[in-house]
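As structure tokens, the structure follows; a few thoughts come after it.
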Amino acid sequence: MDEKETLGQRIRRIRQDRGLSLAKVVRDDFSRAFLNQVELGKSRPSIRVLRIIAERLGTEAEYLLEGQEAGIERELALERGRVLMLQGDPRRALLALKAAINTYDWPLGSDARVCQAQALIALGRKDEAAAIIARERSTIELHNDHHRRERLRTVERGQEFRFDSDAVESHLRLADRATRAGNNHDELEHYRAARVLLEAAPPRLRGGDGEAGGGAKARPQT
């Protein structure tokens, strides 16, 4: 691939590689004429439109903009930031999040910026956090993501987001929701988390006597 490939050229190349017409990419969200102008480098899409184009092309907005896939380091940055927040260390969380907060990739970028806002609130920088929350609320509403909407509301109240139900069941429920939404990234994340929790829990009882080997009572599955 030409290293000097432009945004428009990249969109056209991927669209043609996928065998997609202009009409199949734009649908009812914007015009074919506009997408043609984008591909010719005569117009530039908003981030909202770019995300729609990326989704229809089966790629990421990050790749369309930069010509490279969103790296695993961004996902790691997000999870490190979240863990540090749960450990009560917002200063280190902000540092950890730096690699992820500027990405346009959904939902990674939005998740990172919501976590950033949470850290800022914990540090008393509420005005900065409010500006971030206002922007991310629009993005989350655009995707009609109920889980992230609830997480954002919790962060806005200055609270930690917690699941009330069994952890495994929560992950399986979120995985099912991600499946229906066609969000493979989240689906994989939640199935992986459910699997780790199940492997870490005591084995299920076998037989009907209610006792594990040696006569010890087994703890209920969580």
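Identifiers in the structure tokens: chain A, B, ... in order shown; residue index from 1 per chain; ligand index from 1 in order shown.
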Set the distance at 10 Å and use only C-alpha atoms: which residues neighbour Leu197 in chain A once local chain neighbours fewer than 2 positions away are removed? I'd like the list as a PDB file with N, CA and C atoms, in the first residue's frame.
```pdb
ATOM      1  N   ALA A 167     -21.439 -11.849  38.545  1.00  0.00           N
ATOM      2  CA  ALA A 167     -20.484 -11.335  37.553  1.00  0.00           C
ATOM      3  C   ALA A 167     -20.531 -12.111  36.241  1.00  0.00           C
ATOM      4  N   VAL A 168     -20.593 -13.434  36.330  1.00  0.00           N
ATOM      5  CA  VAL A 168     -20.627 -14.246  35.109  1.00  0.00           C
ATOM      6  C   VAL A 168     -21.893 -13.951  34.318  1.00  0.00           C
ATOM      7  N   HIS A 171     -21.691 -10.617  32.521  1.00  0.00           N
ATOM      8  CA  HIS A 171     -20.886 -10.661  31.300  1.00  0.00           C
ATOM      9  C   HIS A 171     -21.616 -11.389  30.171  1.00  0.00           C
ATOM     10  N   TYR A 191     -17.399 -12.509  26.676  1.00  0.00           N
ATOM     11  CA  TYR A 191     -17.284 -13.970  26.735  1.00  0.00           C
ATOM     12  C   TYR A 191     -15.953 -14.382  27.372  1.00  0.00           C
ATOM     13  N   ARG A 192     -14.891 -13.663  27.055  1.00  0.00           N
ATOM     14  CA  ARG A 192     -13.587 -13.974  27.645  1.00  0.00           C
ATOM     15  C   ARG A 192     -13.616 -13.764  29.156  1.00  0.00           C
ATOM     16  N   ALA A 193     -14.225 -12.653  29.586  1.00  0.00           N
ATOM     17  CA  ALA A 193     -14.304 -12.370  31.023  1.00  0.00           C
ATOM     18  C   ALA A 193     -15.138 -13.431  31.744  1.00  0.00           C
ATOM     19  N   ALA A 194     -16.259 -13.840  31.118  1.00  0.00           N
ATOM     20  CA  ALA A 194     -17.099 -14.874  31.735  1.00  0.00           C
ATOM     21  C   ALA A 194     -16.340 -16.182  31.860  1.00  0.00           C
ATOM     22  N   ARG A 195     -15.585 -16.521  30.845  1.00  0.00           N
ATOM     23  CA  ARG A 195     -14.811 -17.762  30.870  1.00  0.00           C
ATOM     24  C   ARG A 195     -13.759 -17.740  31.977  1.00  0.00           C
ATOM     25  N   GLU A 199     -13.610 -20.253  35.194  1.00  0.00           N
ATOM     26  CA  GLU A 199     -12.430 -21.078  35.458  1.00  0.00           C
ATOM     27  C   GLU A 199     -11.840 -20.804  36.841  1.00  0.00           C
ATOM     28  N   ALA A 200     -12.012 -19.590  37.332  1.00  0.00           N
ATOM     29  CA  ALA A 200     -11.454 -19.229  38.635  1.00  0.00           C
ATOM     30  C   ALA A 200     -12.342 -19.677  39.790  1.00  0.00           C
ATOM     31  N   ALA A 201     -13.620 -19.956  39.497  1.00  0.00           N
ATOM     32  CA  ALA A 201     -14.561 -20.344  40.551  1.00  0.00           C
ATOM     33  C   ALA A 201     -14.415 -21.821  40.897  1.00  0.00           C
ATOM     34  N   PRO A 202     -14.907 -22.235  42.081  1.00  0.00           N
ATOM     35  CA  PRO A 202     -14.866 -23.657  42.441  1.00  0.00           C
ATOM     36  C   PRO A 202     -15.643 -24.480  41.430  1.00  0.00           C
ATOM     37  N   GLN A 221     -21.695 -21.569  42.916  1.00  0.00           N
ATOM     38  CA  GLN A 221     -21.074 -20.944  41.756  1.00  0.00           C
ATOM     39  C   GLN A 221     -21.386 -19.467  41.736  1.00  0.00           C
ATOM     40  N   THR A 222     -20.370 -18.627  41.464  1.00  0.00           N
ATOM     41  CA  THR A 222     -20.581 -17.184  41.374  1.00  0.00           C
ATOM     42  C   THR A 222     -20.081 -16.683  40.056  1.00  0.00           C
TER      43      THR A 222
END
```
Selection: 10 Å around Ala54 in chain A, only C-alpha atoms, excl. self and same-chain fewer than 4 positions, as a ChimeraX atom specification: /A:11,14-15,25,49-50,58-65,105
Atoms to include: N, CA and C atoms. Write the selected residues as a PDB file, in the first residue's frame.
```
ATOM      1  N   ILE A  11     -10.588   5.034   1.610  1.00  0.00           N
ATOM      2  CA  ILE A  11     -12.004   4.661   1.630  1.00  0.00           C
ATOM      3  C   ILE A  11     -12.398   3.995   0.315  1.00  0.00           C
ATOM      4  N   ILE A  14     -10.841   0.399  -0.047  1.00  0.00           N
ATOM      5  CA  ILE A  14     -11.509  -0.608   0.773  1.00  0.00           C
ATOM      6  C   ILE A  14     -12.904  -0.895   0.235  1.00  0.00           C
ATOM      7  N   ARG A  15     -13.608   0.145  -0.167  1.00  0.00           N
ATOM      8  CA  ARG A  15     -14.961  -0.048  -0.704  1.00  0.00           C
ATOM      9  C   ARG A  15     -14.934  -0.935  -1.949  1.00  0.00           C
ATOM     10  N   VAL A  25     -22.847   1.915   0.817  1.00  0.00           N
ATOM     11  CA  VAL A  25     -22.127   2.513   1.940  1.00  0.00           C
ATOM     12  C   VAL A  25     -22.929   3.658   2.557  1.00  0.00           C
ATOM     13  N   VAL A  49     -19.834  10.789  10.685  1.00  0.00           N
ATOM     14  CA  VAL A  49     -19.978  10.175   9.361  1.00  0.00           C
ATOM     15  C   VAL A  49     -18.838   9.200   9.092  1.00  0.00           C
ATOM     16  N   LEU A  50     -17.637   9.555   9.532  1.00  0.00           N
ATOM     17  CA  LEU A  50     -16.496   8.667   9.322  1.00  0.00           C
ATOM     18  C   LEU A  50     -16.709   7.332  10.038  1.00  0.00           C
ATOM     19  N   GLY A  58     -16.528  -2.313   7.257  1.00  0.00           N
ATOM     20  CA  GLY A  58     -15.983  -3.392   8.066  1.00  0.00           C
ATOM     21  C   GLY A  58     -14.600  -3.100   8.590  1.00  0.00           C
ATOM     22  N   THR A  59     -14.327  -1.834   8.897  1.00  0.00           N
ATOM     23  CA  THR A  59     -13.022  -1.459   9.433  1.00  0.00           C
ATOM     24  C   THR A  59     -13.214  -0.458  10.557  1.00  0.00           C
ATOM     25  N   GLU A  60     -12.162   0.250  10.946  1.00  0.00           N
ATOM     26  CA  GLU A  60     -12.213   1.206  12.045  1.00  0.00           C
ATOM     27  C   GLU A  60     -11.951   2.613  11.523  1.00  0.00           C
ATOM     28  N   ALA A  61     -12.553   3.593  12.182  1.00  0.00           N
ATOM     29  CA  ALA A  61     -12.301   4.986  11.819  1.00  0.00           C
ATOM     30  C   ALA A  61     -10.809   5.298  11.945  1.00  0.00           C
ATOM     31  N   GLU A  62     -10.182   4.678  12.953  1.00  0.00           N
ATOM     32  CA  GLU A  62      -8.749   4.893  13.172  1.00  0.00           C
ATOM     33  C   GLU A  62      -7.945   4.502  11.935  1.00  0.00           C
ATOM     34  N   TYR A  63      -8.307   3.377  11.335  1.00  0.00           N
ATOM     35  CA  TYR A  63      -7.578   2.911  10.154  1.00  0.00           C
ATOM     36  C   TYR A  63      -7.807   3.846   8.974  1.00  0.00           C
ATOM     37  N   LEU A  64      -9.040   4.310   8.791  1.00  0.00           N
ATOM     38  CA  LEU A  64      -9.325   5.215   7.685  1.00  0.00           C
ATOM     39  C   LEU A  64      -8.530   6.513   7.817  1.00  0.00           C
ATOM     40  N   LEU A  65      -8.387   6.984   9.044  1.00  0.00           N
ATOM     41  CA  LEU A  65      -7.661   8.242   9.272  1.00  0.00           C
ATOM     42  C   LEU A  65      -6.150   8.079   9.163  1.00  0.00           C
ATOM     43  N   ASP A 105     -11.802   5.368  17.479  1.00  0.00           N
ATOM     44  CA  ASP A 105     -12.388   4.043  17.348  1.00  0.00           C
ATOM     45  C   ASP A 105     -13.488   3.833  18.387  1.00  0.00           C
TER      46      ASP A 105
END
```
For Gly109 in chain A: contacts at 12 Å, only C-alpha atoms, fewer than 2 positions along chain excluded, given as a PyMOL selection string: chain A and resi 51+60-62+70+74-75+77-79+97-107+111-116+132+135-136+139-140
Got a sec: who's within 12 Å of Arg177 in chain A, counting only C-alpha atoms, leaving out chain neighbours fewer than 2 positions off, as a PDB file with N, CA and C atoms, in the first residue's frame?
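Writing the result to result35.pdb gives the following:
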```
ATOM      1  N   ASN A 144     -26.895   4.402  20.795  1.00  0.00           N
ATOM      2  CA  ASN A 144     -27.987   3.832  21.592  1.00  0.00           C
ATOM      3  C   ASN A 144     -27.485   2.677  22.466  1.00  0.00           C
ATOM      4  N   ASP A 145     -26.370   2.938  23.151  1.00  0.00           N
ATOM      5  CA  ASP A 145     -25.727   1.905  23.969  1.00  0.00           C
ATOM      6  C   ASP A 145     -26.188   2.055  25.420  1.00  0.00           C
ATOM      7  N   HIS A 146     -27.110   1.186  25.844  1.00  0.00           N
ATOM      8  CA  HIS A 146     -27.700   1.288  27.185  1.00  0.00           C
ATOM      9  C   HIS A 146     -26.652   1.106  28.277  1.00  0.00           C
ATOM     10  N   HIS A 147     -25.777   0.109  28.124  1.00  0.00           N
ATOM     11  CA  HIS A 147     -24.753  -0.160  29.145  1.00  0.00           C
ATOM     12  C   HIS A 147     -23.842   1.049  29.338  1.00  0.00           C
ATOM     13  N   ARG A 148     -23.372   1.625  28.257  1.00  0.00           N
ATOM     14  CA  ARG A 148     -22.456   2.773  28.375  1.00  0.00           C
ATOM     15  C   ARG A 148     -23.183   4.024  28.839  1.00  0.00           C
ATOM     16  N   SER A 170     -23.685 -11.307  34.384  1.00  0.00           N
ATOM     17  CA  SER A 170     -23.614  -9.952  33.841  1.00  0.00           C
ATOM     18  C   SER A 170     -22.828  -9.931  32.536  1.00  0.00           C
ATOM     19  N   HIS A 171     -21.691 -10.617  32.521  1.00  0.00           N
ATOM     20  CA  HIS A 171     -20.886 -10.661  31.300  1.00  0.00           C
ATOM     21  C   HIS A 171     -21.616 -11.389  30.171  1.00  0.00           C
ATOM     22  N   LEU A 172     -22.296 -12.472  30.480  1.00  0.00           N
ATOM     23  CA  LEU A 172     -23.025 -13.205  29.444  1.00  0.00           C
ATOM     24  C   LEU A 172     -24.183 -12.372  28.899  1.00  0.00           C
ATOM     25  N   ARG A 173     -24.845 -11.621  29.770  1.00  0.00           N
ATOM     26  CA  ARG A 173     -25.928 -10.752  29.333  1.00  0.00           C
ATOM     27  C   ARG A 173     -25.397  -9.637  28.414  1.00  0.00           C
ATOM     28  N   LEU A 174     -24.252  -9.063  28.794  1.00  0.00           N
ATOM     29  CA  LEU A 174     -23.650  -8.018  27.966  1.00  0.00           C
ATOM     30  C   LEU A 174     -23.124  -8.589  26.650  1.00  0.00           C
ATOM     31  N   ALA A 175     -22.620  -9.816  26.683  1.00  0.00           N
ATOM     32  CA  ALA A 175     -22.168 -10.461  25.451  1.00  0.00           C
ATOM     33  C   ALA A 175     -23.339 -10.671  24.501  1.00  0.00           C
ATOM     34  N   THR A 179     -23.870  -9.098  20.828  1.00  0.00           N
ATOM     35  CA  THR A 179     -24.159  -9.931  19.660  1.00  0.00           C
ATOM     36  C   THR A 179     -25.293  -9.332  18.842  1.00  0.00           C
ATOM     37  N   ARG A 180     -26.362  -8.944  19.535  1.00  0.00           N
ATOM     38  CA  ARG A 180     -27.517  -8.357  18.839  1.00  0.00           C
ATOM     39  C   ARG A 180     -27.165  -7.043  18.167  1.00  0.00           C
ATOM     40  N   ALA A 181     -26.210  -6.308  18.766  1.00  0.00           N
ATOM     41  CA  ALA A 181     -25.801  -5.023  18.194  1.00  0.00           C
ATOM     42  C   ALA A 181     -24.733  -5.178  17.119  1.00  0.00           C
ATOM     43  N   GLY A 182     -24.238  -6.416  16.924  1.00  0.00           N
ATOM     44  CA  GLY A 182     -23.179  -6.634  15.939  1.00  0.00           C
ATOM     45  C   GLY A 182     -21.835  -6.105  16.368  1.00  0.00           C
ATOM     46  N   ASN A 183     -21.634  -5.973  17.694  1.00  0.00           N
ATOM     47  CA  ASN A 183     -20.387  -5.431  18.229  1.00  0.00           C
ATOM     48  C   ASN A 183     -19.481  -6.597  18.633  1.00  0.00           C
ATOM     49  N   ASN A 184     -18.681  -7.083  17.680  1.00  0.00           N
ATOM     50  CA  ASN A 184     -17.838  -8.254  17.927  1.00  0.00           C
ATOM     51  C   ASN A 184     -16.792  -8.008  19.003  1.00  0.00           C
ATOM     52  N   HIS A 185     -16.276  -6.788  19.065  1.00  0.00           N
ATOM     53  CA  HIS A 185     -15.243  -6.454  20.060  1.00  0.00           C
ATOM     54  C   HIS A 185     -15.769  -6.669  21.468  1.00  0.00           C
ATOM     55  N   ASP A 186     -16.947  -6.100  21.767  1.00  0.00           N
ATOM     56  CA  ASP A 186     -17.515  -6.234  23.109  1.00  0.00           C
ATOM     57  C   ASP A 186     -17.956  -7.665  23.377  1.00  0.00           C
ATOM     58  N   GLU A 187     -18.498  -8.319  22.362  1.00  0.00           N
ATOM     59  CA  GLU A 187     -18.928  -9.704  22.530  1.00  0.00           C
ATOM     60  C   GLU A 187     -17.758 -10.591  22.975  1.00  0.00           C
ATOM     61  N   LEU A 188     -16.629 -10.448  22.281  1.00  0.00           N
ATOM     62  CA  LEU A 188     -15.439 -11.218  22.632  1.00  0.00           C
ATOM     63  C   LEU A 188     -14.961 -10.887  24.049  1.00  0.00           C
ATOM     64  N   HIS A 190     -16.619  -9.806  26.654  1.00  0.00           N
ATOM     65  CA  HIS A 190     -17.479 -10.315  27.729  1.00  0.00           C
ATOM     66  C   HIS A 190     -17.463 -11.835  27.810  1.00  0.00           C
ATOM     67  N   TYR A 191     -17.399 -12.509  26.676  1.00  0.00           N
ATOM     68  CA  TYR A 191     -17.284 -13.970  26.735  1.00  0.00           C
ATOM     69  C   TYR A 191     -15.953 -14.382  27.372  1.00  0.00           C
TER      70      TYR A 191
END
```
Range 14-126 of chain A: residues DSSP assigns to helix (DSSP H, G or I), reported as a PyMOL selection string: chain A and resi 14-17+22-26+32-39+47-57+61-66+72-86+90-97+108-122+126
Selection near Lys42 in chain A, 12 Å with only C-alpha atoms, sequence-local residues under 6 positions removed, as a VMD selection string: chain A and resid 6 to 9 33 to 36
Shortest interatomic distance to Ile121 in chain A - which of A:Arg137, A:His143, A:Arg91, A:Lys4, counting only C-alpha atoms: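 Nearest to Ile121 in chain A: A:Arg91.
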Spatial neighbours of Arg13 in chain A, max dist 12 Å, only C-alpha atoms, sep filter under 3 positions, as a PyMOL selection string: chain A and resi 1-2+5-10+16-21+39-40+57+64+67
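Between CA of Leu198 in chain A and CA of Glu160 in chain A lies a distance of 24.1 Å.
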Length of the CA of Leu84 in chain A to CA of Ala117 in chain A vector [Å]: 13.7 Å
